[in-house]
$ cat structure-v7.cif   # mmCIF, C-alpha atoms
data_data
loop_
_atom_site.label_atom_id
_atom_site.label_comp_id
_atom_site.auth_asym_id
_atom_site.auth_seq_id
_atom_site.Cartn_x
_atom_site.Cartn_y
_atom_site.Cartn_z
CA MET S 40 -5.82 27.28 23.70
CA ASN S 41 -5.69 23.53 24.29
CA LYS S 42 -3.24 22.41 26.95
CA ASN S 43 -1.47 19.12 26.45
CA ASN S 44 0.12 16.95 29.11
CA VAL S 45 3.72 16.45 28.02
CA VAL S 46 6.27 14.05 29.51
CA ILE S 47 9.95 14.30 28.58
CA ILE S 48 12.27 11.57 29.84
CA THR S 49 16.03 11.45 29.38
CA THR S 50 17.76 8.19 30.29
CA ARG S 51 20.76 5.94 29.71
CA TRP S 52 18.40 3.00 29.61
CA MET S 53 17.58 2.80 25.92
CA SER S 54 17.72 -0.97 25.41
CA VAL S 55 17.02 -4.28 27.17
CA ILE S 56 19.52 -5.17 29.89
CA GLU S 57 20.26 -8.34 31.81
CA ASP S 58 21.88 -8.48 35.23
CA GLU S 59 21.92 -10.74 38.28
CA GLU S 60 18.22 -9.99 38.82
CA GLY S 61 17.26 -11.10 35.32
CA LYS S 62 16.09 -9.37 32.15
CA LYS S 63 14.81 -5.82 32.46
CA ILE S 64 12.85 -4.36 29.57
CA PRO S 65 12.29 -0.59 29.29
CA LEU S 66 8.74 0.42 28.41
CA HIS S 67 9.61 1.49 24.85
CA CYS S 68 11.33 -1.88 24.05
CA HIS S 69 8.59 -4.29 25.11
CA PRO S 70 7.24 -6.39 22.19
CA ASN S 71 3.74 -5.01 22.82
CA SER S 72 4.84 -1.44 23.50
CA PRO S 73 2.85 1.24 21.67
CA PHE S 74 5.91 3.51 21.53
CA LYS S 75 7.26 4.40 18.10
CA GLY S 76 10.86 5.21 17.24
CA LYS S 77 11.82 8.25 15.23
CA ASN S 78 15.21 9.41 14.06
CA ILE S 79 16.84 12.08 16.18
CA SER S 80 17.89 13.93 13.02
CA ASN S 81 14.46 15.62 12.85
CA LEU S 82 14.88 17.30 16.25
CA ASP S 83 16.07 20.70 15.09
CA LYS S 84 16.26 22.41 18.49
CA ILE S 85 18.13 19.48 20.05
CA LEU S 86 20.62 19.36 17.19
CA SER S 87 21.06 23.12 17.35
CA PHE S 88 21.93 22.82 21.03
CA PHE S 89 24.47 20.09 20.24
CA GLU S 90 26.04 22.21 17.52
CA SER S 91 26.28 25.36 19.61
CA HIS S 92 27.81 23.46 22.55
CA LYS S 93 30.14 21.35 20.41
CA LEU S 94 28.62 18.05 21.61
CA ASP S 95 29.09 15.07 19.33
CA SER S 96 26.79 12.43 20.84
CA PHE S 97 24.48 11.40 23.64
CA GLY S 98 25.78 9.50 26.64
CA HIS S 99 24.41 6.01 26.10
CA ASP S 100 27.49 4.10 27.28
CA GLY S 101 29.40 4.91 24.12
CA ILE S 102 26.76 3.33 21.88
CA LEU S 103 25.48 5.36 18.96
CA VAL S 104 21.77 6.04 19.44
CA ASP S 105 19.81 7.16 16.38
CA ASN S 106 16.26 7.11 17.70
CA TYR S 107 14.09 8.71 20.32
CA TYR S 108 10.70 7.22 21.20
CA TYR S 109 7.27 8.78 21.47
CA LEU S 110 3.72 7.89 22.44
CA ASP S 111 0.56 10.01 22.49
CA ASP S 112 -3.19 9.68 22.78
CA GLY S 113 -4.03 13.15 21.53
CA LYS S 114 -3.92 14.67 25.04
CA ASN S 115 -0.90 13.06 26.72
CA PHE S 116 2.43 13.08 24.91
CA VAL S 117 5.47 11.12 26.09
CA TYR S 118 9.00 11.43 24.69
CA ILE S 119 11.97 9.26 25.68
CA ILE S 120 15.38 10.45 24.56
CA PRO S 121 18.96 9.50 25.53
CA CYS S 122 20.58 11.61 28.24
CA LEU S 123 23.79 13.53 27.73
CA LYS S 124 27.22 12.23 28.66
CA LYS S 125 27.92 12.49 32.37
CA GLY S 126 29.60 15.81 33.05
CA GLY S 127 29.47 16.58 29.35
CA CYS S 128 27.24 19.64 29.47
CA SER S 129 28.23 22.99 30.93
CA ASP S 130 24.80 24.47 30.19
CA PRO S 131 22.03 22.46 31.91
CA GLU S 132 19.62 25.38 31.62
CA GLY S 133 20.11 25.55 27.87
CA TRP S 134 19.61 21.78 27.57
CA ILE S 135 16.33 21.87 29.50
CA GLN S 136 15.13 24.82 27.43
CA ALA S 137 15.99 22.95 24.23
CA LEU S 138 14.04 19.88 25.36
CA VAL S 139 11.02 21.89 26.48
CA SER S 140 10.86 23.99 23.29
CA GLN S 141 11.38 20.87 21.12
CA PHE S 142 8.57 18.80 22.57
CA SER S 143 5.99 21.24 23.95
CA LYS S 144 4.31 24.57 23.27
CA PRO S 145 3.38 27.53 25.50
CA GLY S 146 0.56 26.67 27.90
CA ASP S 147 1.33 22.95 28.06
CA ILE S 148 1.68 21.05 31.32
CA VAL S 149 5.22 19.65 31.14
CA ARG S 150 6.58 16.98 33.45
CA MET S 151 10.22 16.00 32.97
CA MET S 152 12.06 13.00 34.37
CA ILE S 153 15.66 14.02 33.77
CA HIS S 154 18.83 12.03 34.43
CA ALA S 155 20.22 14.06 37.31
CA SER S 156 23.98 13.65 37.06
CA SER S 157 24.23 13.63 33.27
CA ASP S 158 21.76 16.31 32.26
CA LEU S 159 21.73 18.63 35.28
CA ASN S 160 25.02 17.83 37.04
CA THR S 161 23.05 17.43 40.28
CA GLY S 162 21.67 14.76 42.56
CA PRO S 163 18.03 13.60 42.64
CA GLN S 164 15.58 16.37 43.43
CA VAL S 165 12.32 18.02 42.41
CA ILE S 166 12.53 21.35 40.55
CA THR S 167 9.33 23.37 40.30
CA SER S 168 10.63 26.35 38.33
CA PHE S 169 13.41 26.82 35.81
CA ALA S 170 15.19 29.88 34.46
CA GLY S 171 13.81 31.15 31.17
CA ILE S 172 10.69 28.97 31.18
CA ALA S 173 7.60 30.80 32.43
CA ASP S 174 5.00 30.03 29.77
CA ARG S 175 4.45 26.38 30.72
CA ASP S 176 3.39 24.52 33.86
CA LEU S 177 6.78 22.88 34.37
CA CYS S 178 8.03 20.45 36.98
CA ILE S 179 11.24 18.39 36.80
CA ARG S 180 11.98 15.18 38.66
CA ALA S 181 15.75 14.74 38.48
CA PHE S 182 16.41 11.04 39.07
CA ALA S 183 19.25 8.56 39.45
CA HIS S 184 19.50 5.10 37.93
CA MET S 185 21.48 3.91 40.94
CA GLY S 186 20.72 4.01 44.65
CA GLY S 187 17.22 2.57 44.56
CA ASP S 188 15.50 5.66 43.12
CA VAL S 189 11.88 4.57 42.75
CA ALA S 190 11.50 6.82 39.69
CA ASN S 191 13.24 4.10 37.68
CA LYS S 192 10.08 2.01 37.86
CA ILE S 193 8.45 4.42 35.42
CA LEU S 194 10.92 3.18 32.80
CA LEU S 195 10.23 -0.52 33.47
CA SER S 196 7.66 -2.16 31.21
CA ASP S 197 6.58 -4.54 34.01
CA THR S 198 5.25 -1.55 35.96
CA TYR S 199 2.30 -1.19 33.60
CA LYS S 200 0.25 -4.28 34.43
CA THR S 201 -2.80 -3.12 32.49
CA GLY S 202 -0.89 -1.81 29.48
CA ILE S 203 1.55 0.99 28.70
CA THR S 204 -0.41 4.21 28.18
CA ALA S 205 0.61 7.85 27.86
CA SER S 206 -1.92 8.87 30.51
CA ALA S 207 -0.50 6.42 33.09
CA ILE S 208 3.06 7.60 32.47
CA PHE S 209 1.99 11.24 32.86
CA ARG S 210 0.09 10.48 36.07
CA TYR S 211 3.04 8.65 37.64
CA ILE S 212 5.54 11.40 36.87
CA ASP S 213 3.10 14.13 37.88
CA ASN S 214 2.73 12.44 41.27
CA LEU S 215 6.51 12.11 41.65
CA CYS S 216 6.67 15.88 41.34
CA LYS S 217 4.32 16.45 44.26
CA ASP S 218 5.82 17.37 47.61
CA ILE S 219 4.99 14.85 50.32
CA GLY S 220 7.79 16.07 52.59
CA LYS S 221 5.57 16.71 55.61
CA ILE S 222 3.94 13.28 55.35
CA LYS S 223 7.35 11.60 55.02
CA LYS S 224 8.60 13.42 58.12
CA ASN S 225 5.53 12.37 60.10
CA VAL S 226 6.18 8.70 59.30
CA LYS S 227 9.87 9.00 60.09
CA ASP S 228 9.19 10.74 63.41
CA ALA S 229 6.43 8.29 64.38
CA TRP S 230 8.70 5.34 63.60
CA GLN S 231 11.56 6.80 65.64
CA ASP S 232 9.24 7.42 68.60
CA TYR S 233 7.86 3.89 68.34
CA TRP S 234 11.36 2.40 68.11
CA ASP S 235 12.48 4.40 71.17
CA GLY S 236 9.40 3.32 73.12
CA ASP S 237 8.05 6.86 73.32
CA GLY S 238 5.32 6.53 70.70
CA SER S 239 2.33 4.26 70.20
CA LEU S 240 1.67 1.74 67.46
CA GLU S 241 -1.56 3.59 66.73
CA ASP S 242 0.32 6.84 66.01
CA LEU S 243 2.73 5.00 63.73
CA LEU S 244 -0.09 3.33 61.79
CA THR S 245 -1.94 6.64 61.43
CA ALA S 246 1.16 8.26 59.92
CA TYR S 247 1.75 5.29 57.63
CA ASP S 248 -1.88 5.29 56.48
CA GLU S 249 -1.50 8.97 55.50
CA LEU S 250 1.50 8.00 53.39
CA LEU S 251 -0.42 5.20 51.69
CA THR S 252 -3.26 7.60 50.88
CA ALA S 253 -0.84 10.18 49.47
CA VAL S 254 0.73 7.71 47.06
CA GLU S 255 -2.20 5.40 46.25
CA CYS S 256 -2.11 6.44 42.57
CA ASP S 257 1.64 7.00 42.66
CA ILE S 258 4.49 4.88 41.34
CA ARG S 259 5.97 5.03 44.84
CA GLY S 260 2.92 3.24 46.20
CA LEU S 261 3.79 0.11 44.21
CA THR S 262 6.66 -0.60 46.60
CA LEU S 263 4.72 -0.25 49.84
CA PRO S 264 3.22 -3.07 51.94
CA SER S 265 -0.39 -2.82 53.03
CA LYS S 266 -1.29 -1.21 56.34
CA GLU S 267 -2.06 -4.66 57.76
CA ARG S 268 1.33 -6.04 56.72
CA PHE S 269 3.09 -2.96 58.05
CA LYS S 270 1.33 -3.45 61.39
CA GLU S 271 2.48 -7.08 61.53
CA MET S 272 6.08 -6.03 60.96
CA ALA S 273 5.95 -3.18 63.48
CA GLU S 274 4.49 -5.49 66.13
CA GLY S 275 7.13 -8.14 65.39
CA ILE S 276 10.34 -6.10 65.47
CA ASP S 277 11.43 -7.63 68.79
CA LYS S 278 11.13 -11.18 67.47
CA ASN S 279 12.43 -10.55 63.96
CA PRO S 280 15.16 -7.90 63.47
CA GLU S 281 14.62 -8.10 59.71
CA TYR S 282 11.27 -6.35 60.15
CA SER S 283 12.88 -3.23 61.57
CA LYS S 284 15.44 -3.22 58.75
CA TYR S 285 12.66 -3.48 56.18
CA ILE S 286 10.69 -0.63 57.76
CA GLU S 287 13.85 1.49 57.76
CA GLN S 288 14.25 0.75 54.04
CA ILE S 289 10.65 1.74 53.35
CA ILE S 290 11.12 5.07 55.11
CA ALA S 291 14.46 5.69 53.37
CA LYS S 292 12.80 5.35 49.95
CA PHE S 293 10.80 8.47 50.64
#

$ encode --input "structure-v7.cif" --output "structure tokens"
Amino acid sequence: MNKNNVVIITTRWMSVIEDEEGKKIPLHCHPNSPFKGKNISNLDKILSFFESHKLDSFGHDGILVDNYYYLDDGKNFVYIIPCLKKGGCSDPEGWIQALVSQFSKPGDIVRMMIHASSDLNTGPQVITSFAGIADRDLCIRAFAHMGGDVANKILLSDTYKTGITASAIFRYIDNLCKDIGKIKKNVKDAWQDYWDGDGSLEDLLTAYDELLTAVECDIRGLTLPSKERFKEMAEGIDKNPEYSKYIEQIIAKF
């Protein structure tokens, strides 16, 4: 049996937005995007879930959304669909099961980037198993649009400098599902020791280099300064307080 790599993304961000930082274009709305739109009316399992739970619409800021978007290369399949209304679903497990059964088949490797508060009624987290789904390799990255969640970069067309591809999207989300908790703790502890004067710069740089290696093919790595730049900032914290603030922000992102 052939195993496909399947990505399922639910999001409020279904159209171009403009804010104080400028225009932000989601990957499926870029003029050169290979994504194709398809009417939601053909999603029988999704519509069945809506009917059985008496839901009348998705939660895209009150705007009627008719399409979902898809991209595939024959091996990697990516689906982008609106999330539910915030607090509008009393059955998150049923919603996830509907999405998984709609877009994948038994044996597939399924990576989901799910709007945390709307679709799961939770905060950001990684879920490696889910009730009622045992016949797929499933991992869920529940994300938040607010609060600087780096997962949002997957939805931004500017992230894909060499072109938007299904394989790149799968790789980024697959990496977001990997646990780097121990590496994060090592960096945090090394930074605290260095800040307190109890740890060496060498120990801090070693921990940071491990983090860079862990996320070198990861969307999170796009936000990190090089080891050389990190060293400059760590050495300069006494002269420039902004360096310590920036390092704190880097650590907080993980």

$ resolve_selection --input "structure-v7.cif" --expression "the PyMOL selection byres ((chain S and resi 73) around 12)" --output "list in words"
Leu66, His67, Cys68, His69, Pro70, Asn71, Ser72, Phe74, Lys75, Gly76, Tyr108, Tyr109, Leu110, Asp111, Asp112, Val117, Ser196, Gly202, Ile203, Thr204 and Ala205 of chain S

$ write_last_selection --input "structure-v7.cif" --atoms "C-alpha atoms" --output "PDB file, in the frame of the given file"
ATOM      1  CA  LEU S  66       8.740   0.420  28.410  1.00  0.00           C
ATOM      2  CA  HIS S  67       9.610   1.490  24.850  1.00  0.00           C
ATOM      3  CA  CYS S  68      11.330  -1.880  24.050  1.00  0.00           C
ATOM      4  CA  HIS S  69       8.590  -4.290  25.110  1.00  0.00           C
ATOM      5  CA  PRO S  70       7.240  -6.390  22.190  1.00  0.00           C
ATOM      6  CA  ASN S  71       3.740  -5.010  22.820  1.00  0.00           C
ATOM      7  CA  SER S  72       4.840  -1.440  23.500  1.00  0.00           C
ATOM      8  CA  PHE S  74       5.910   3.510  21.530  1.00  0.00           C
ATOM      9  CA  LYS S  75       7.260   4.400  18.100  1.00  0.00           C
ATOM     10  CA  GLY S  76      10.860   5.210  17.240  1.00  0.00           C
ATOM     11  CA  TYR S 108      10.700   7.220  21.200  1.00  0.00           C
ATOM     12  CA  TYR S 109       7.270   8.780  21.470  1.00  0.00           C
ATOM     13  CA  LEU S 110       3.720   7.890  22.440  1.00  0.00           C
ATOM     14  CA  ASP S 111       0.560  10.010  22.490  1.00  0.00           C
ATOM     15  CA  ASP S 112      -3.190   9.680  22.780  1.00  0.00           C
ATOM     16  CA  VAL S 117       5.470  11.120  26.090  1.00  0.00           C
ATOM     17  CA  SER S 196       7.660  -2.160  31.210  1.00  0.00           C
ATOM     18  CA  GLY S 202      -0.890  -1.810  29.480  1.00  0.00           C
ATOM     19  CA  ILE S 203       1.550   0.990  28.700  1.00  0.00           C
ATOM     20  CA  THR S 204      -0.410   4.210  28.180  1.00  0.00           C
ATOM     21  CA  ALA S 205       0.610   7.850  27.860  1.00  0.00           C
TER      22      ALA S 205
END

$ resolve_selection --input "structure-v7.cif" --expression "the PyMOL selection byres ((chain S and resi 175) around 7)" --output "CSV table (one decimal) with C-alpha atoms, in the frame of the given file"
chain,number,residue,atom,x,y,z
S,145,PRO,CA,3.4,27.5,25.5
S,146,GLY,CA,0.6,26.7,27.9
S,147,ASP,CA,1.3,23.0,28.1
S,148,ILE,CA,1.7,21.0,31.3
S,149,VAL,CA,5.2,19.6,31.1
S,172,ILE,CA,10.7,29.0,31.2
S,173,ALA,CA,7.6,30.8,32.4
S,174,ASP,CA,5.0,30.0,29.8
S,176,ASP,CA,3.4,24.5,33.9
S,177,LEU,CA,6.8,22.9,34.4

$ resolve_selection --input "structure-v7.cif" --expression "the PyMOL selection byres ((chain S and resi 119) around 12)" --output "JSON list (two decimals) with C-alpha atoms, keeping the file's coordinate frame"
[["chain", "number", "residue", "atom", "x", "y", "z"],
["S", 45, "VAL", "CA", 3.72, 16.45, 28.02],
["S", 46, "VAL", "CA", 6.27, 14.05, 29.51],
["S", 47, "ILE", "CA", 9.95, 14.30, 28.58],
["S", 48, "ILE", "CA", 12.27, 11.57, 29.84],
["S", 49, "THR", "CA", 16.03, 11.45, 29.38],
["S", 50, "THR", "CA", 17.76, 8.19, 30.29],
["S", 51, "ARG", "CA", 20.76, 5.94, 29.71],
["S", 52, "TRP", "CA", 18.40, 3.00, 29.61],
["S", 53, "MET", "CA", 17.58, 2.80, 25.92],
["S", 54, "SER", "CA", 17.72, -0.97, 25.41],
["S", 65, "PRO", "CA", 12.29, -0.59, 29.29],
["S", 66, "LEU", "CA", 8.74, 0.42, 28.41],
["S", 67, "HIS", "CA", 9.61, 1.49, 24.85],
["S", 68, "CYS", "CA", 11.33, -1.88, 24.05],
["S", 74, "PHE", "CA", 5.91, 3.51, 21.53],
["S", 75, "LYS", "CA", 7.26, 4.40, 18.10],
["S", 76, "GLY", "CA", 10.86, 5.21, 17.24],
["S", 77, "LYS", "CA", 11.82, 8.25, 15.23],
["S", 79, "ILE", "CA", 16.84, 12.08, 16.18],
["S", 106, "ASN", "CA", 16.26, 7.11, 17.70],
["S", 107, "TYR", "CA", 14.09, 8.71, 20.32],
["S", 108, "TYR", "CA", 10.70, 7.22, 21.20],
["S", 109, "TYR", "CA", 7.27, 8.78, 21.47],
["S", 110, "LEU", "CA", 3.72, 7.89, 22.44],
["S", 111, "ASP", "CA", 0.56, 10.01, 22.49],
["S", 116, "PHE", "CA", 2.43, 13.08, 24.91],
["S", 117, "VAL", "CA", 5.47, 11.12, 26.09],
["S", 118, "TYR", "CA", 9.00, 11.43, 24.69],
["S", 120, "ILE", "CA", 15.38, 10.45, 24.56],
["S", 121, "PRO", "CA", 18.96, 9.50, 25.53],
["S", 122, "CYS", "CA", 20.58, 11.61, 28.24],
["S", 138, "LEU", "CA", 14.04, 19.88, 25.36],
["S", 142, "PHE", "CA", 8.57, 18.80, 22.57],
["S", 151, "MET", "CA", 10.22, 16.00, 32.97],
["S", 152, "MET", "CA", 12.06, 13.00, 34.37],
["S", 153, "ILE", "CA", 15.66, 14.02, 33.77],
["S", 154, "HIS", "CA", 18.83, 12.03, 34.43],
["S", 193, "ILE", "CA", 8.45, 4.42, 35.42],
["S", 194, "LEU", "CA", 10.92, 3.18, 32.80],
["S", 205, "ALA", "CA", 0.61, 7.85, 27.86],
["S", 208, "ILE", "CA", 3.06, 7.60, 32.47]]

$ atom_distance --input "structure-v7.cif" --atom1 "CA of Ser168 in chain S" --atom2 "CA of Ser140 in chain S"
15.2 Å

$ closest_residue --input "structure-v7.cif" --among "S:Glu59, S:Glu274, S:Asp188, S:Glu255" --to "Tyr233 in chain S" --atoms "all atoms listed in the file"
S:Glu274

$ residues_around --input "structure-v7.cif" --residues "range 125-136 of chain S" --least-positions-apart "2" --cutoff "10 Å" --atoms "all atoms listed in the file" --output "PyMOL selection string"
chain S and resi 47+84-85+88-89+92-94+96-100+122-123+138-141+151+153-161+169-172+179

$ closest_atom_pairs --input "structure-v7.cif" --of "range 124-175 of chain S" --to "range 216-222 of chain S" --cutoff "9 Å" --atoms "only C-alpha atoms" --output "CSV"
residue,atom,partner,partner_atom,distance
S:Arg150,CA,S:Cys216,CA,8.0
S:Val165,CA,S:Cys216,CA,6.1
S:Ile166,CA,S:Cys216,CA,8.1
S:Thr167,CA,S:Cys216,CA,8.0

$ residues_around --input "structure-v7.cif" --residues "Ile276 in chain S" --least-positions-apart "6" --cutoff "12 Å" --atoms "all atoms listed in the file" --output "ChimeraX atom specification"
/S:230,233-234,240,269-270,282-287

$ axis_aligned_box --input "structure-v7.cif" --around "range 79-95 of chain S" --padding-each-side "8 Å" --output "lines of an AutoDock Vina configuration file"
center_x = 22.3
center_y = 18.7
center_z = 17.7
size_x = 31.7
size_y = 29.3
size_z = 25.7

$ residues_around --input "structure-v7.cif" --residues "Lys266 in chain S" --least-positions-apart "6" --cutoff "10 Å" --atoms "only C-alpha atoms" --output "JSON, numbers by chain"
{"S": [244, 245, 247, 248, 251, 272]}

$ atom_distance --input "structure-v7.cif" --atom1 "CA of Gly236 in chain S" --atom2 "CA of Gly275 in chain S"
14.0 Å

$ closest_residue --input "structure-v7.cif" --among "S:Asp237, S:Val254, S:Lys227, S:Thr201" --to "Ile289 in chain S" --atoms "all atoms listed in the file"
S:Lys227

$ closest_residue --input "structure-v7.cif" --among "S:Pro163, S:Lys223, S:Ser91, S:Ala137" --to "Gly187 in chain S" --atoms "all atoms listed in the file"
S:Pro163

$ atom_distance --input "structure-v7.cif" --atom1 "CA of Asn81 in chain S" --atom2 "CA of Asp95 in chain S"
16.0 Å

$ closest_residue --input "structure-v7.cif" --among "S:Leu82, S:Pro264, S:Leu243, S:Leu250" --to "Asp228 in chain S" --atoms "all atoms listed in the file"
S:Leu243

$ closest_residue --input "structure-v7.cif" --among "S:Gln288, S:Asn225, S:Thr198, S:Asn115" --to "Ile258 in chain S" --atoms "all atoms listed in the file"
S:Thr198

$ closest_residue --input "structure-v7.cif" --among "S:Glu241, S:Ser87, S:Glu281, S:Asn78" --to "Asp105 in chain S" --atoms "all atoms listed in the file"
S:Asn78
